[in-house]
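For reference, my_file_29.cif is printed below; it contains mmCIF, C-alpha atoms and all ligand atoms.
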```cif
data_model
#
loop_
_atom_site.label_atom_id
_atom_site.label_comp_id
_atom_site.auth_asym_id
_atom_site.auth_seq_id
_atom_site.Cartn_x
_atom_site.Cartn_y
_atom_site.Cartn_z
CA MET A 247 -1.93 45.06 14.16
CA ILE A 248 -1.29 41.87 12.25
CA ASP A 249 -1.93 38.43 13.66
CA ILE A 250 -0.06 35.61 11.92
CA HIS A 251 -1.65 32.62 13.70
CA CYS A 252 -5.36 32.14 14.31
CA HIS A 253 -8.10 29.50 13.99
CA ILE A 254 -10.86 31.65 12.52
CA LEU A 255 -11.92 29.56 9.51
CA PRO A 256 -15.35 28.02 10.12
CA GLY A 257 -15.76 24.32 10.80
CA VAL A 258 -12.27 23.10 9.99
CA ASP A 259 -10.63 22.42 13.35
CA ASP A 260 -10.94 23.17 17.07
CA GLY A 261 -11.31 26.89 16.34
CA SER A 262 -14.47 28.52 15.00
CA ALA A 263 -17.41 26.12 14.63
CA ASP A 264 -19.34 27.96 11.92
CA MET A 265 -19.55 31.17 9.90
CA LYS A 266 -21.51 32.97 12.64
CA GLU A 267 -18.71 32.29 15.13
CA SER A 268 -16.06 33.28 12.58
CA LEU A 269 -17.78 36.65 12.10
CA ASN A 270 -17.99 37.12 15.86
CA MET A 271 -14.30 36.31 16.16
CA ALA A 272 -13.57 38.78 13.37
CA ARG A 273 -15.51 41.53 15.19
CA LYS A 274 -13.50 40.84 18.37
CA ALA A 275 -10.23 40.89 16.41
CA VAL A 276 -11.13 44.30 14.97
CA GLU A 277 -12.05 45.58 18.45
CA ALA A 278 -8.65 44.34 19.62
CA GLY A 279 -6.93 46.47 16.97
CA ILE A 280 -6.20 43.75 14.42
CA THR A 281 -6.49 44.66 10.73
CA HIS A 282 -4.95 41.61 9.02
CA LEU A 283 -5.09 38.07 10.17
CA PHE A 284 -3.59 34.86 8.83
CA ALA A 285 -6.12 32.04 9.04
CA THR A 286 -4.01 29.02 9.95
CA PRO A 287 -6.03 25.80 10.43
CA HIS A 288 -4.37 22.69 11.85
CA HIS A 289 -3.01 20.20 9.34
CA LEU A 290 -1.71 16.66 9.97
CA ASN A 291 -2.00 16.99 13.76
CA GLU A 292 -3.51 13.50 14.13
CA LYS A 293 -7.02 14.95 14.31
CA TYR A 294 -7.38 17.46 11.50
CA VAL A 295 -6.47 17.42 7.86
CA ASN A 296 -6.88 20.73 6.04
CA VAL A 297 -5.23 20.81 2.64
CA LYS A 298 -4.25 23.93 0.75
CA ARG A 299 -7.14 24.11 -1.75
CA ASP A 300 -9.79 23.71 0.98
CA ILE A 301 -8.22 26.47 3.07
CA ILE A 302 -8.09 28.81 0.07
CA ASP A 303 -11.80 28.15 -0.72
CA ARG A 304 -12.87 28.83 2.85
CA ALA A 305 -10.68 31.90 3.24
CA VAL A 306 -12.19 33.41 0.07
CA ARG A 307 -15.68 32.76 1.44
CA LEU A 308 -14.82 34.27 4.81
CA ASN A 309 -13.34 37.38 3.19
CA ASP A 310 -16.57 37.75 1.15
CA SER A 311 -18.70 37.46 4.31
CA LEU A 312 -16.54 40.02 6.12
CA GLN A 313 -17.08 42.48 3.26
CA GLN A 314 -20.84 41.84 3.19
CA ASN A 315 -20.99 42.44 6.93
CA ASN A 316 -18.79 45.56 6.80
CA ILE A 317 -16.16 44.07 9.11
CA PRO A 318 -12.81 45.73 8.34
CA LEU A 319 -10.58 42.69 8.61
CA ILE A 320 -8.55 41.03 5.88
CA ILE A 321 -7.96 37.30 6.01
CA HIS A 322 -4.65 36.02 4.70
CA LEU A 323 -3.85 32.42 3.82
CA GLY A 324 -1.96 30.09 6.10
CA GLN A 325 -1.83 26.68 7.72
CA GLU A 326 -0.43 25.29 10.97
CA VAL A 327 1.39 22.14 9.92
CA ARG A 328 2.29 19.54 12.53
CA ILE A 329 5.83 18.32 11.97
CA HIS A 330 5.59 15.01 10.22
CA ARG A 331 7.89 12.67 8.37
CA ASP A 332 5.49 12.87 5.44
CA ILE A 333 5.52 16.65 5.28
CA PHE A 334 7.47 16.52 2.02
CA THR A 335 5.00 14.11 0.41
CA SER A 336 2.27 16.52 1.44
CA LEU A 337 4.31 19.38 -0.08
CA GLU A 338 4.68 17.51 -3.37
CA LYS A 339 0.93 16.88 -3.44
CA GLU A 340 0.38 20.64 -3.05
CA GLU A 341 -1.42 20.14 0.24
CA ILE A 342 0.86 22.46 2.20
CA LEU A 343 0.04 26.16 2.31
CA THR A 344 2.76 28.66 3.15
CA LEU A 345 1.81 32.09 4.53
CA ASP A 346 0.00 34.01 1.78
CA ASP A 347 0.90 31.06 -0.46
CA ASN A 348 4.27 32.75 -1.01
CA GLY A 349 6.34 29.56 -0.83
CA LYS A 350 8.59 31.16 1.78
CA TYR A 351 7.25 30.93 5.34
CA LEU A 352 5.41 28.06 6.96
CA LEU A 353 3.89 27.74 10.43
CA LEU A 354 5.32 24.54 11.88
CA GLU A 355 3.90 22.93 15.01
CA LEU A 356 5.80 20.50 17.24
CA PRO A 357 3.85 17.99 19.33
CA SER A 358 3.35 19.57 22.78
CA GLY A 359 5.18 16.84 24.69
CA LYS A 360 8.42 16.50 22.75
CA VAL A 361 10.68 17.52 19.90
CA PRO A 362 10.80 14.62 17.42
CA THR A 363 14.27 13.32 16.59
CA TYR A 364 13.80 14.26 12.91
CA THR A 365 13.01 17.95 13.67
CA LYS A 366 16.43 19.33 12.65
CA GLU A 367 16.34 17.26 9.47
CA VAL A 368 12.89 18.60 8.53
CA ILE A 369 14.00 22.19 9.19
CA TYR A 370 17.10 21.64 7.06
CA GLU A 371 15.13 20.12 4.17
CA LEU A 372 12.52 22.91 4.27
CA LEU A 373 15.26 25.55 4.21
CA LEU A 374 16.82 23.81 1.20
CA LYS A 375 13.48 24.21 -0.58
CA GLY A 376 13.48 27.93 0.25
CA ILE A 377 10.83 27.55 2.95
CA THR A 378 11.62 29.01 6.37
CA PRO A 379 9.68 27.24 9.10
CA ILE A 380 8.19 29.42 11.85
CA ILE A 381 7.92 27.15 14.88
CA VAL A 382 4.72 28.06 16.69
CA HIS A 383 4.56 28.45 20.47
CA PRO A 384 7.92 26.80 21.37
CA GLU A 385 7.32 28.10 24.91
CA ARG A 386 4.58 25.52 25.37
CA ASN A 387 6.67 22.51 24.32
CA LYS A 388 7.58 20.28 27.27
CA GLU A 389 10.96 19.19 25.94
CA LEU A 390 12.02 22.74 25.08
CA ILE A 391 10.95 23.94 28.55
CA GLU A 392 13.39 21.35 29.96
CA ASN A 393 16.05 21.87 27.32
CA HIS A 394 16.38 25.54 26.33
CA LYS A 395 19.59 24.79 24.43
CA LEU A 396 17.68 22.73 21.90
CA LEU A 397 15.52 25.74 21.00
CA PHE A 398 18.69 27.79 20.52
CA GLU A 399 19.99 25.09 18.17
CA LEU A 400 16.78 25.07 16.09
CA VAL A 401 16.90 28.86 15.70
CA GLN A 402 20.62 28.77 15.01
CA GLU A 403 19.87 26.27 12.25
CA GLY A 404 17.57 28.82 10.59
CA ALA A 405 14.09 28.27 12.02
CA LEU A 406 12.10 31.28 13.19
CA THR A 407 9.63 31.11 16.08
CA GLN A 408 6.32 32.63 17.15
CA LEU A 409 5.34 33.18 20.76
CA THR A 410 1.67 33.11 21.69
CA SER A 411 0.37 36.31 23.28
CA GLY A 412 -1.53 34.34 25.94
CA SER A 413 1.76 32.79 27.10
CA ILE A 414 3.27 36.24 27.64
CA ASN A 415 0.09 37.34 29.43
CA GLY A 416 0.35 34.40 31.84
CA ASN A 417 -2.74 32.51 30.62
CA PHE A 418 -0.82 29.23 30.43
CA GLY A 419 0.85 29.55 33.82
CA LYS A 420 4.03 30.99 35.34
CA LYS A 421 6.46 28.43 33.91
CA ILE A 422 5.41 29.10 30.32
CA GLN A 423 5.32 32.85 30.95
CA SER A 424 8.83 32.84 32.35
CA PHE A 425 10.15 30.68 29.47
CA SER A 426 8.52 33.12 27.01
CA LYS A 427 10.50 35.95 28.58
CA LYS A 428 13.74 33.97 28.39
CA ILE A 429 13.03 33.26 24.72
CA ILE A 430 12.64 36.99 24.03
CA GLU A 431 15.77 37.85 26.05
CA HIS A 432 17.83 35.36 24.02
CA ASN A 433 16.53 36.66 20.65
CA LEU A 434 14.88 33.34 19.96
CA SER A 435 11.53 34.65 18.83
CA HIS A 436 10.54 36.70 15.82
CA PHE A 437 6.75 37.01 15.98
CA ILE A 438 3.95 37.35 18.53
CA ALA A 439 0.53 35.99 17.53
CA THR A 440 -2.75 35.15 19.25
CA ASP A 441 -3.36 31.54 18.15
CA ALA A 442 -6.98 32.53 18.89
CA HIS A 443 -9.47 29.67 18.82
CA ASN A 444 -12.62 31.45 20.05
CA ILE A 445 -13.77 34.64 21.73
CA ILE A 446 -13.99 33.31 25.28
CA SER A 447 -11.05 31.25 26.52
CA ARG A 448 -8.56 31.84 23.71
CA GLY A 449 -9.15 35.23 22.14
CA PHE A 450 -7.20 38.15 20.68
CA SER A 451 -4.99 39.33 23.54
CA LEU A 452 -2.23 40.69 21.33
CA GLN A 453 -2.22 44.31 22.54
CA HIS A 454 -1.82 43.27 26.18
CA ALA A 455 1.18 41.08 25.32
CA TYR A 456 2.81 43.97 23.45
CA GLU A 457 2.23 46.22 26.47
CA ILE A 458 4.01 43.69 28.71
CA ILE A 459 6.89 43.45 26.23
CA THR A 460 7.17 47.25 26.02
CA LYS A 461 7.20 47.54 29.79
CA ALA A 462 9.85 44.85 30.21
CA TYR A 463 12.10 45.50 27.20
CA GLY A 464 11.15 48.91 25.75
CA ILE A 465 9.07 49.99 22.78
CA GLU A 466 11.79 49.01 20.29
CA ARG A 467 11.25 45.36 21.06
CA THR A 468 7.52 45.68 20.45
CA PHE A 469 8.21 47.46 17.13
CA TYR A 470 10.53 44.61 16.18
CA PHE A 471 7.77 42.03 16.53
CA LYS A 472 5.13 44.24 14.89
CA GLU A 473 7.39 45.07 11.97
CA ASN A 474 8.21 41.43 11.39
CA ALA A 475 4.51 40.62 10.99
CA GLU A 476 4.20 43.58 8.60
CA GLN A 477 7.15 42.30 6.59
CA LEU A 478 5.23 39.10 5.90
CA ILE A 479 2.22 41.05 4.60
CA LYS A 480 4.57 43.12 2.41
CA LYS A 481 6.16 39.88 1.13
CA GLN A 482 9.52 40.91 2.55
CA SER A 483 11.91 39.10 4.86
CA PRO A 484 11.50 39.56 8.60
CA PHE A 485 14.36 40.99 10.64
CA ILE A 486 16.35 38.33 12.43
CA GLU A 487 18.41 39.17 15.49
CA LYS A 488 21.40 37.02 16.33
CA PRO A 489 20.31 34.29 18.77
CA VAL A 490 22.02 34.41 22.16
CA PRO A 491 23.08 31.02 23.59
CA PHE A 492 21.93 30.01 27.05
CA LYS A 493 24.78 30.02 29.54
CA LYS A 494 25.85 26.62 30.74
CA LYS A 495 25.12 25.76 34.33
CA ILE A 496 28.36 25.26 36.20
CA PHE A 497 28.29 22.60 38.87
CA GLY A 498 30.75 21.64 41.60
CA ILE A 499 33.03 24.66 41.49
CA PHE A 500 32.52 25.87 45.06
FE FE A 601 -2.67 27.09 16.52
#
```

Now, as a test, write the supplied structure out as C-alpha cells.
Amino acid sequence: MIDIHCHILPGVDDGSADMKESLNMARKAVEAGITHLFATPHHLNEKYVNVKRDIIDRAVRLNDSLQQNNIPLIIHLGQEVRIHRDIFTSLEKEEILTLDDNGKYLLLELPSGKVPTYTKEVIYELLLKGITPIIVHPERNKELIENHKLLFELVQEGALTQLTSGSINGNFGKKIQSFSKKIIEHNLSHFIATDAHNIISRGFSLQHAYEIITKAYGIERTFYFKENAEQLIKKQSPFIEKPVPFKKKIFGIF
C-alpha cells in the first residue's frame, strides 16, 4: 500500500522525534503493509516551518538509513502546507514542496476550526499554476462538519481531498466518522492516508480503514482509493469521480 500523508521525518514537527523513532515508525509501516510513504512535514502551521530543501535533505538521509537497516520502505517527498495568504510568496521562494517534487499535487491543510475566506481564491490560484491542492482531512474541519455544501464547492472548484484512515476507523469520534462516510458517498474524497505521527496513538491504520470501506461500499471503492495513490507514484493523474451535491434540507412543507 501507499501512504500519501505521514509525519515520519525525524525532528521536524510533532511527528517522529529522532531517527530511532523514524526507523521504528518505518518498521510499523512495513508491518502494516505499506511499501511507499510520502513524508509530509507541517509547513507554515504557526508552529513549524519546514522548507523544501530541508525536507529533501532529511528524506534522503532517512532513505539511506532505511537501506542500511534493511527496512523495505521507500520515502517520497512531500509537505503538508497550511493554507496561508503568503503561500504564493513561499512558492516563489521555492520553499513549497509538491508531492515527489512534481509541481502538480500539494497537500493543503485548513485550520481545524474554520475555512478561511480566501480558501477558494488560493485553490483557484494554485490550479492556475498547474498545482492541484489535495485538502487533507476535511472531515476534521469544524466549519466543513457544519457546512457540507462548502466542501462540495471546494471539490467542484477542482480541489481533491484526503481522508485520514483513523477518522474512518472511528478514532476521532462518531461525528467525524459519520462525516467521513458522507464524504465518500458524495464522491468528495480521492485518497485515504494515515497522517501517522507516531507508533502509539496515531499509527498506520490504513488496512483497517480499507476493510471498512470495502465492507460498506464494495471492493471497487477501495481499489479506487488505492489506485489513486499509485497514480501519484507513477506520476499520473488520479481518477476523479463527479462530486455529488448534498441535498438541500426542506423545511416547513408539512
Ligand atoms: Fe498531517

Neighbour list for range 409-416 of chain A as a ChimeraX atom specification, cut-off 9 Å, only C-alpha atoms, skip fewer than 6 positions in-chain: /A:251,381-386,422-427,429-430,435-441,448-456,458-459

Do you have, as a tab-separated table, the list of residues of chain A lying at most 9 Å from ligand FE 601 (chain A), each with its nearest atom pair and that distance in Å to one decimal, counting all atoms listed in the file and ordered by chain then number?
```
residue	atom	partner	partner_atom	distance
A:His251	CA	A:FE601	FE	6.3
A:Cys252	CA	A:FE601	FE	6.1
A:His253	CA	A:FE601	FE	6.5
A:Gly261	CA	A:FE601	FE	8.6
A:Thr286	CA	A:FE601	FE	7.0
A:Pro287	CA	A:FE601	FE	7.1
A:His288	CA	A:FE601	FE	6.6
A:Gln325	CA	A:FE601	FE	8.8
A:Glu326	CA	A:FE601	FE	6.2
A:Leu353	CA	A:FE601	FE	9.0
A:Glu355	CA	A:FE601	FE	7.9
A:Val382	CA	A:FE601	FE	7.5
A:His383	CA	A:FE601	FE	8.4
A:Thr440	CA	A:FE601	FE	8.5
A:Asp441	CA	A:FE601	FE	4.8
A:Ala442	CA	A:FE601	FE	7.3
A:His443	CA	A:FE601	FE	7.6
```

Export of the given selection (C-alpha atoms) as a short mmCIF file (atom, residue, chain, number, x, y, z; two decimals), in the coordinates of the input:
```cif
data_model
loop_
_atom_site.label_atom_id
_atom_site.label_comp_id
_atom_site.auth_asym_id
_atom_site.auth_seq_id
_atom_site.Cartn_x
_atom_site.Cartn_y
_atom_site.Cartn_z
CA HIS A 251 -1.65 32.62 13.70
CA CYS A 252 -5.36 32.14 14.31
CA HIS A 253 -8.10 29.50 13.99
CA GLY A 261 -11.31 26.89 16.34
CA THR A 286 -4.01 29.02 9.95
CA PRO A 287 -6.03 25.80 10.43
CA HIS A 288 -4.37 22.69 11.85
CA GLN A 325 -1.83 26.68 7.72
CA GLU A 326 -0.43 25.29 10.97
CA LEU A 353 3.89 27.74 10.43
CA GLU A 355 3.90 22.93 15.01
CA VAL A 382 4.72 28.06 16.69
CA HIS A 383 4.56 28.45 20.47
CA THR A 440 -2.75 35.15 19.25
CA ASP A 441 -3.36 31.54 18.15
CA ALA A 442 -6.98 32.53 18.89
CA HIS A 443 -9.47 29.67 18.82
#
```

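For the pair CA of Leu323 in chain A and CA of His432 in chain A, the interatomic distance is 29.8 Å.
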
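Within 10 Å of Val490 in chain A, once all atoms listed in the file are used and residues closer than 2 positions along the same chain are dropped, the contacting residues are Phe398, Val401, Gln402, Ile429, Ile430, Glu431, His432, Asn433, Leu434, Glu487, Lys488, Phe492 and Lys493 of chain A.
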
Selection: 9 Å around Phe485 in chain A, only C-alpha atoms, excl. self and same-chain fewer than 5 positions, as a ChimeraX atom specification: /A:436,470-471,473-474,477

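Between CA of Asn444 in chain A and CA of Val276 in chain A there is a distance of 13.9 Å.
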
Which of A:Ile479, A:Val306, A:Leu255, A:Leu406 sits closest to Asn270 in chain A [using all atoms listed in the file]: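 Selected residue with least distance to Asn270 in chain A: A:Leu255.
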
Neighbour list for Lys388 in chain A as a list in words, cut-off 8 Å, all atoms listed in the file, skip fewer than 4 positions in-chain: Ser358, Gly359, Lys360 and Glu392 of chain A

Arg304 in chain A surroundings by all atoms listed in the file, 12 Å radius, close-in-sequence under 4 positions cut, as a ChimeraX atom specification: /A:254-258,264-265,268,285-287,296-300,308-311,321-324

So that all listed atoms of range 305-319 of chain A fit with 8 Å spare on each side, what axis-aligned box centre and edge lengths in Å, to one decimal, would you give as JSON?
```
{"center_x": -15.8, "center_y": 38.8, "center_z": 4.6, "size_x": 26.4, "size_y": 29.8, "size_z": 25.0}
```

Nearest residue to Leu397 in chain A from the set A:Ala462, A:Pro379, A:Pro491, A:Arg273 (distances using all atoms listed in the file):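 Counting all atoms listed in the file, the residue closest to Leu397 in chain A is A:Pro491.
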
Interatomic distance, CA of Ile250 in chain A to CA of Ile280 in chain A (Å, one decimal): 10.5 Å

Answer as a PyMOL selection string, residues within 6 Å of (-9.6, 43.3, 7.9) using all atoms listed in the file: chain A and resi 281-282+318-320

Local residues around (14.8, 19.2, 17.2), at most 9 Å away, using all atoms listed in the file, as a ChimeraX atom specification: /A:360-369,396-397,399-400

Once you have the residues from the selection above, write them out as a compact mmCIF listing (two decimals), keeping the file's coordinate frame, restricted to C-alpha atoms.
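As written to disk, again_14.txt reads:
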```
# COMPACT_ATOMS: atom_id res chain seq x y z
CA LYS A 360 8.42 16.50 22.75
CA VAL A 361 10.68 17.52 19.90
CA PRO A 362 10.80 14.62 17.42
CA THR A 363 14.27 13.32 16.59
CA TYR A 364 13.80 14.26 12.91
CA THR A 365 13.01 17.95 13.67
CA LYS A 366 16.43 19.33 12.65
CA GLU A 367 16.34 17.26 9.47
CA VAL A 368 12.89 18.60 8.53
CA ILE A 369 14.00 22.19 9.19
CA LEU A 396 17.68 22.73 21.90
CA LEU A 397 15.52 25.74 21.00
CA GLU A 399 19.99 25.09 18.17
CA LEU A 400 16.78 25.07 16.09
```

Counting all atoms listed in the file, the residue of A:Leu345, A:Leu390, A:Ala405, A:Ile248 that sits nearest Gly279 in chain A: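 Smallest distance to Gly279 in chain A is found for A:Ile248.
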